[in-house]
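Structure first, then comments.
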Protein chains: 4
Amino acid sequence: MAALSAANTGMVASYGGDESTARLQAVAGKLFETEVAVFPVATGTAANSLALSQIAAPFGAIYCYEAAHIVTDECGAPEFFSGGAKLIGFPAADGKIRPEQLEHAIAFAQDMGVHHVKPAAISLTQATEWGTVYTLSELAALSAVAKKHRLPVHMDGARFANALVHLNCSPADATWKRGVDVLSLGATKNGALCAEAVVFFDPARADDFARRRKRAGHLWSKMRFLSAQLLAYLENGLWLDNARHANAMALRMAQGLKSVAGARVLHPVDANELFVELPEATVAALEKLGFQFYRWPLYAARAGVAIRLVTSYATQSADVDEFIAAAQRPR
Amino acid sequence: MAALSAANTGMVASYGGDESTARLQAVAGKLFETEVAVFPVATGTAANSLALSQIAAPFGAIYCYEAAHIVTDECGAPEFFSGGAKLIGFPAADGKIRPEQLEHAIAFAQDMGVHHVKPAAISLTQATEWGTVYTLSELAALSAVAKKHRLPVHMDGARFANALVHLNCSPADATWKRGVDVLSLGATKNGALCAEAVVFFDPARADDFARRRKRAGHLWSKMRFLSAQLLAYLENGLWLDNARHANAMALRMAQGLKSVAGARVLHPVDANELFVELPEATVAALEKLGFQFYRWPLYAARAGVAIRLVTSYATQSADVDEFIAAAQRPR
Amino acid sequence: MAALSAANTGMVASYGGDESTARLQAVAGKLFETEVAVFPVATGTAANSLALSQIAAPFGAIYCYEAAHIVTDECGAPEFFSGGAKLIGFPAADGKIRPEQLEHAIAFAQDMGVHHVKPAAISLTQATEWGTVYTLSELAALSAVAKKHRLPVHMDGARFANALVHLNCSPADATWKRGVDVLSLGATKNGALCAEAVVFFDPARADDFARRRKRAGHLWSKMRFLSAQLLAYLENGLWLDNARHANAMALRMAQGLKSVAGARVLHPVDANELFVELPEATVAALEKLGFQFYRWPLYAARAGVAIRLVTSYATQSADVDEFIAAAQRPR
Amino acid sequence: MAALSAANTGMVASYGGDESTARLQAVAGKLFETEVAVFPVATGTAANSLALSQIAAPFGAIYCYEAAHIVTDECGAPEFFSGGAKLIGFPAADGKIRPEQLEHAIAFAQDMGVHHVKPAAISLTQATEWGTVYTLSELAALSAVAKKHRLPVHMDGARFANALVHLNCSPADATWKRGVDVLSLGATKNGALCAEAVVFFDPARADDFARRRKRAGHLWSKMRFLSAQLLAYLENGLWLDNARHANAMALRMAQGLKSVAGARVLHPVDANELFVELPEATVAALEKLGFQFYRWPLYAARAGVAIRLVTSYATQSADVDEFIAAAQRPR
């Protein structure tokens, strides 16, 4: 908010010709240790869909997890932006697709020839939809298949900062050094008002991307208000601090839930999301107390129901403890 | 061919203003025992995609079998024509989707609200991709779910005639009396040179469909050459005769394969397709002899490989017998 | 900015489920004296294109001024959002299309039948691209043609506030009482950081619009930051105060330019834009002094060049006077 | 028709893997004196729209005559196939656009940057919509502008044969030697039942075009029936014979109309179309006699009305003379 106020002074060039936007390019390049092309937009759906439309033809196949955000939560935006590309989703209990799934699908497409959509791109979510994080070697293995078939790799990094602090490596190591070609770098879930960035690790791949952004209505005339958010987010480590805190809160939650009767944490808690199976009575009681969370429709719980818990930069230890105490209360 | 030659005389109105096209409407209406709106096109992909684009919004979900022709064999045409609608496919060993799959998917979409594509339509393939045929009660059960949620039902009838002679009922009983709203009526696979028809059982649903056909490049200036094919196909029972013959040849093949070592027919042979698991050596030998068929990539055979065999109006008993004899030969 | 800071407190529901967004509906309804459906978005291109895609089929014609912003300045966004609708532009020296142009184009389309795009919508820019304002009776005359042919009317109101204070009537009088069905209500050019609103005067017309916004990536998770801007803009007359000031500055500029040798103001200065023909030497001198404006490519000046001057809420009298003095300086 | 019957024998490979389709490539290559990639389709709208979608990005501008067939007669097909590219039409009394119009529009687009669609392609109609034919030097001058700006040139050759016999040069001279990159080669208007071909003069430009054709529903399973028509059309000069006859009939008509009171032929009659201004009474009388032609809506006649007359391979001298005699009859 302070950064926004600071940006609200003087007369500056519009549509990204301003100084903040120029500085953002430099800051991101330094952070990722390579020349990048950075395009700020206001939402994650815009970031993902614009990025995918840049790398996939309208008759292309985009391979991803079957319940990826781009598949289930964006109301067909990737199809819209790309002009009809098909998302081909693979099953994955922990949200991580496997190299052999990719190989199999590509081989099938090649067998089918013009009758099938053409292999066009891979999209990975990092951290995944189940709160897990692809390891560096998992990323490398998937990228190896992609490179073998000359397919670009997109990373949906709505929670990229959370994944990065978990991996405890440099941004470069977690992206282009593992074969990622374009990143949707999220900031909104981790502190910004409304800011995401599409980051191309090879600026040559970003040709005409500015026109795609414009014709989707995502070019801000007062671009400085987007760039200022991203600068504040990236420049002094705020993004990592926020993510570390959120991840720690998630772990505290997972730890605390061990003592709750009937609770079962469904996946490794690598980032800031937990999926927990709980008895129906416990879930109902928590809802009654005013705690807000989703009953997760994508998971058929073995017993009771599965809920999703998300922690953030704003989550306090006391909030977590209060939730656990409430869940422990006998009923 | 005779019908085409007959159509090649005199000066007639273009773009469907001719007498043959008018007669086709009447003939189809009588055949289906209700007023219909019929639109001839040259390919099955055009018929399916135009029909789906008419009933599904660009942000809509079309529910179908996960390996339906519209999903795997049309290079993204339904997404293209509809402006990005999403095909949501359900698994089904025999190619027939189940009412509870539909209910579950619709409930999920409703839970997700604007974040998910909106339930828009059902698409059923009759006969199915595995050569089976939905029974009349199976159709009724699926349509009941569709009607409950006010979703239109599309039938991909590339092999509709084959299904119809198997069901041994009237065209009306197999379609609109079982809740089908729009039919892609195939003729090309069953004898025509290049003719399919989109049939709307409620002409009011066809509003502006003529424009959709035009802007997709599927309005023929010399429409009479399409209409003439469909008239020849439908008017004197040729479609049913051809289909009966093709189905009989498929059954003869299935019967004969019982005596082949290691052969396993995978599904009920309701129409003119068989999927057969055979030892690799047998398949290789048949290929070497010049028989043409697909090794079926969508099926992981338990032993050996699965192949697809298709019979047609032009298949002779002797051809079938020759194939079986070749398959029986010890190797 | 103050409104944004105020919105940055507490935990509120996301995706528009917050209190500010609800209050915006009420405030807008009261302002327009009718129930409205209001959808905040961040850019004018998004507002226009989403609105047009809601009212025009992919095979539809949208009638407008040939150099409307939607035609020349949105990089094909209306075509993209609508799935291919065609903008049919009419010439108009002052940016105002005429009822007879509309009638003629619709008659032509009807003659052409399915071969031509279908008349779908009218889009008017208010204030126009040449800084003029449609009078209430001009609006009524255009809407009468639209209604006669059952075509909805869209108003691109990027400068709606400027037009409104010029017309000196109520918002209702300037819109739905003159046949406008959907308004792109601009705020960014008139003081907001990034806020526009799509306003439907018949909420029933907004069916599924929320899904269109979502799939275009224009649904903000933290919607309150958009709604807060619009509330601050509309609630206490700030929008009108800003517009009145900007218009007054434009008039001051027009008045002052009378004394400049070779200057010719090209159109009535109804809002906050002026188009002025000036000698090349004068224009070059002004540019050299650091004044920023566009040489206007759409106008073939009779003598010298035409430039566009835009005033805003932030323009000071002294700025205007300084510009005029500079232009007057002999060279 | 004979060619179709001949194609209706034996078992041949589907989807273009047949011998006729292979031979068509060779025949077209020989005819055009260069290696070409030829794609048969059934309609001119499909040929044009597929060709344009191959060369123009969704955010691209396609420059053409303002009343070109692709603008007014294809119901938005080019926009549909390209995913939203904008047709930018130039006025031209005789249907021929001018190099300076092209230069001006490209310069404007460059000035506008990302706000405007990107110059993508030129589309020329040969023969034009007014029955005139671009000369070889006119083609060369337009192509020179295109090449200067690296824009590909498309030729809508629905009446290409008619233009070619008028130009009296080789097919190569009339196309790629004058800078044409892709040709929609029409056959339907000049004798075929339903056959057009998209011809790429650089096969490398046709990359993935087969998928575009498939996903638009324009890949015939029984492709031989399209290829056979085109072979019969091209192989033995039938296309030129038919076109020569049609052109001669048009000239005979133009000649004869000189003696008709109040008749004024509007443009040079270079091909097989005439546009004639006639007194209303004469036109009404001709209509009453059963002659079929269009009153041309795109032309504001100075006196009376303008009608379009089209001659074809099937037009007889006696038909022409009968028309003239009828027009001459005093009333």
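So you can find residues: chains in the structure tokens are A, B, ... in the order shown, residues in each start at 1, and ligands are numbered from 1 in order.
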Next on the checklist: Quick one: residues within 8 Å of stretch 126-137 of chain A, only C-alpha atoms, excluding same-chain residues fewer than 3 positions away - as JSON, numbers by chain?
Outcome noted: {"A": [67, 68, 69, 94, 95, 96, 140, 141, 155, 156, 157, 158, 159, 160, 162, 163, 166, 167, 173, 174, 178, 267, 268, 269, 270, 271, 272, 273, 274, 275]}
Just N, CA, C and O atoms for this one: save the residues we selected as a compact mmCIF listing (two decimals), in the first residue's frame.
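What ended up in selection_8.txt:
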# COMPACT_ATOMS: atom_id res chain seq x y z
N ALA A 67 -6.61 -31.99 -12.36
CA ALA A 67 -7.38 -31.02 -11.56
C ALA A 67 -6.57 -29.75 -11.32
O ALA A 67 -6.72 -29.08 -10.30
N ALA A 68 -5.71 -29.43 -12.27
CA ALA A 68 -4.95 -28.17 -12.18
C ALA A 68 -5.92 -26.99 -12.15
O ALA A 68 -7.03 -27.07 -12.68
N HIS A 69 -5.46 -25.90 -11.57
CA HIS A 69 -6.26 -24.68 -11.52
C HIS A 69 -6.72 -24.28 -12.92
O HIS A 69 -7.87 -23.90 -13.13
N ASP A 94 -0.99 -36.76 -5.73
CA ASP A 94 -0.37 -35.66 -5.01
C ASP A 94 -0.25 -34.39 -5.86
O ASP A 94 0.45 -33.45 -5.49
N GLY A 95 -0.92 -34.38 -7.00
CA GLY A 95 -0.90 -33.20 -7.86
C GLY A 95 0.31 -33.09 -8.77
O GLY A 95 0.43 -32.13 -9.53
N LYS A 96 1.21 -34.06 -8.70
CA LYS A 96 2.43 -34.01 -9.53
C LYS A 96 2.32 -34.99 -10.70
O LYS A 96 2.19 -36.20 -10.48
N ALA A 140 13.31 -31.45 -13.36
CA ALA A 140 14.27 -31.74 -14.42
C ALA A 140 13.81 -32.92 -15.28
O ALA A 140 13.95 -32.90 -16.51
N ALA A 141 13.24 -33.91 -14.64
CA ALA A 141 12.80 -35.11 -15.38
C ALA A 141 11.65 -34.77 -16.32
O ALA A 141 11.59 -35.25 -17.47
N MET A 155 5.10 -22.77 -15.98
CA MET A 155 4.90 -23.04 -14.57
C MET A 155 3.86 -22.07 -14.02
O MET A 155 4.01 -20.85 -14.15
N ASP A 156 2.78 -22.65 -13.47
CA ASP A 156 1.79 -21.83 -12.78
C ASP A 156 2.29 -21.61 -11.37
O ASP A 156 2.18 -22.51 -10.51
N GLY A 157 2.87 -20.45 -11.14
CA GLY A 157 3.48 -20.16 -9.85
C GLY A 157 2.64 -19.24 -9.00
O GLY A 157 3.17 -18.28 -8.41
N ALA A 158 1.35 -19.49 -8.92
CA ALA A 158 0.49 -18.69 -8.05
C ALA A 158 1.05 -18.73 -6.62
O ALA A 158 0.95 -17.77 -5.87
N ARG A 159 1.65 -19.86 -6.27
CA ARG A 159 2.29 -20.02 -4.95
C ARG A 159 3.78 -20.30 -5.13
O ARG A 159 4.36 -21.10 -4.40
N PHE A 160 4.38 -19.63 -6.10
CA PHE A 160 5.79 -19.89 -6.40
C PHE A 160 6.70 -19.57 -5.22
O PHE A 160 7.64 -20.31 -4.91
N ASN A 162 6.06 -19.74 -2.08
CA ASN A 162 5.96 -20.79 -1.08
C ASN A 162 6.77 -22.02 -1.48
O ASN A 162 7.39 -22.68 -0.65
N ALA A 163 6.74 -22.32 -2.78
CA ALA A 163 7.52 -23.46 -3.25
C ALA A 163 9.02 -23.17 -3.12
O ALA A 163 9.81 -24.02 -2.71
N HIS A 166 10.45 -23.47 0.29
CA HIS A 166 10.52 -24.90 0.63
C HIS A 166 11.73 -25.56 -0.04
O HIS A 166 12.45 -26.34 0.59
N LEU A 167 11.94 -25.25 -1.31
CA LEU A 167 13.05 -25.85 -2.05
C LEU A 167 14.39 -25.31 -1.55
O LEU A 167 15.43 -25.95 -1.69
N ASP A 173 17.46 -21.57 -10.05
CA ASP A 173 17.51 -23.03 -9.91
C ASP A 173 16.12 -23.66 -9.98
O ASP A 173 15.97 -24.78 -10.45
N ALA A 174 15.15 -22.92 -9.53
CA ALA A 174 13.80 -23.49 -9.46
C ALA A 174 13.02 -23.30 -10.77
O ALA A 174 11.89 -23.78 -10.87
N ARG A 178 15.89 -25.51 -14.55
CA ARG A 178 15.20 -26.80 -14.59
C ARG A 178 14.26 -26.87 -15.79
O ARG A 178 13.32 -27.65 -15.81
N HIS A 267 -1.48 -35.06 2.43
CA HIS A 267 -0.27 -34.99 1.60
C HIS A 267 0.83 -34.31 2.39
O HIS A 267 0.56 -33.62 3.38
N PRO A 268 2.06 -34.47 1.95
CA PRO A 268 3.15 -33.72 2.58
C PRO A 268 2.81 -32.24 2.55
O PRO A 268 2.35 -31.73 1.51
N VAL A 269 3.03 -31.55 3.65
CA VAL A 269 2.72 -30.11 3.71
C VAL A 269 3.98 -29.34 3.33
O VAL A 269 4.77 -28.95 4.17
N ASP A 270 4.16 -29.14 2.04
CA ASP A 270 5.38 -28.50 1.53
C ASP A 270 5.24 -26.98 1.46
O ASP A 270 6.23 -26.26 1.41
N ALA A 271 4.01 -26.50 1.38
CA ALA A 271 3.84 -25.06 1.17
C ALA A 271 2.82 -24.51 2.17
O ALA A 271 2.96 -24.75 3.37
N ASN A 272 1.83 -23.78 1.71
CA ASN A 272 0.91 -23.13 2.66
C ASN A 272 -0.53 -23.65 2.53
O ASN A 272 -1.46 -22.92 2.79
N GLU A 273 -0.66 -24.89 2.08
CA GLU A 273 -1.99 -25.49 2.02
C GLU A 273 -1.97 -26.86 2.68
O GLU A 273 -1.00 -27.61 2.54
N LEU A 274 -3.04 -27.20 3.37
CA LEU A 274 -3.20 -28.54 3.93
C LEU A 274 -4.55 -29.10 3.50
O LEU A 274 -5.54 -28.35 3.47
N PHE A 275 -4.57 -30.37 3.24
CA PHE A 275 -5.83 -31.06 2.97
C PHE A 275 -5.96 -32.11 4.06
O PHE A 275 -5.08 -32.94 4.24
Margin query: Env of D:Arg295: 12 Å cut, atoms = only C-alpha atoms, seq-sep filter 2 positions within chain, self excluded. Answer as a PyMOL selection string.
Written below: (chain C and resi 108+111-112) or (chain D and resi 274-280+283-284+286-287+291-293+297-301+304-309)
Excluding stretch 48-59 of chain D and its own-chain neighbours fewer than 4 positions away, which residues fall within 7 Å of it when counting only C-alpha atoms? Please give them as a list in words. Cys75 and Gly76 of chain C; Gly44, Ala77, Pro78, Phe81, Ser82, Gly83, Gly84, Ala85, Val117, Lys118, Ala120, Ala121, Pro152, Asp156, Val182, Ser184, Val198, Phe209, Arg212 and Arg213 of chain D
| said: Tell me as number ranges by chain which residues belonging to chain B come within 7 Å of chain C, counting only C-alpha atoms. | reply: B: 83, 114-115, 210-211, 214
#### Entry: Non-local contacts of stretch 89-92 of chain A (6 Å; only C-alpha atoms; under 5 positions in same chain excluded) as a list of chain:residue names
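So, after excluding close chain neighbours, the residues are A:Tyr63, A:Cys64, A:Tyr65, A:Glu66, A:Ile97.
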*asked:* I'd like to know which residues of stretch 26-259 of chain B are helix (DSSP H, G or I) (by DSSP, run on the backbone); could you write them as JSON, numbers by chain?
replied: {"B": [26, 27, 28, 29, 30, 31, 32, 44, 45, 46, 47, 48, 49, 50, 51, 52, 53, 54, 55, 69, 70, 71, 72, 77, 78, 79, 80, 81, 82, 99, 100, 101, 102, 103, 104, 105, 106, 107, 108, 109, 110, 111, 112, 113, 114, 115, 136, 137, 138, 139, 140, 141, 142, 143, 144, 145, 146, 147, 148, 160, 161, 162, 163, 164, 165, 166, 167, 176, 177, 178, 188, 189, 190, 203, 204, 205, 206, 209, 210, 211, 212, 213, 214, 215, 224, 225, 226, 227, 228, 229, 230, 231, 232, 233, 234, 238, 239, 240, 241, 242, 243, 244, 245, 246, 247, 248, 249, 250, 251, 252, 253, 254, 255, 256, 257]}
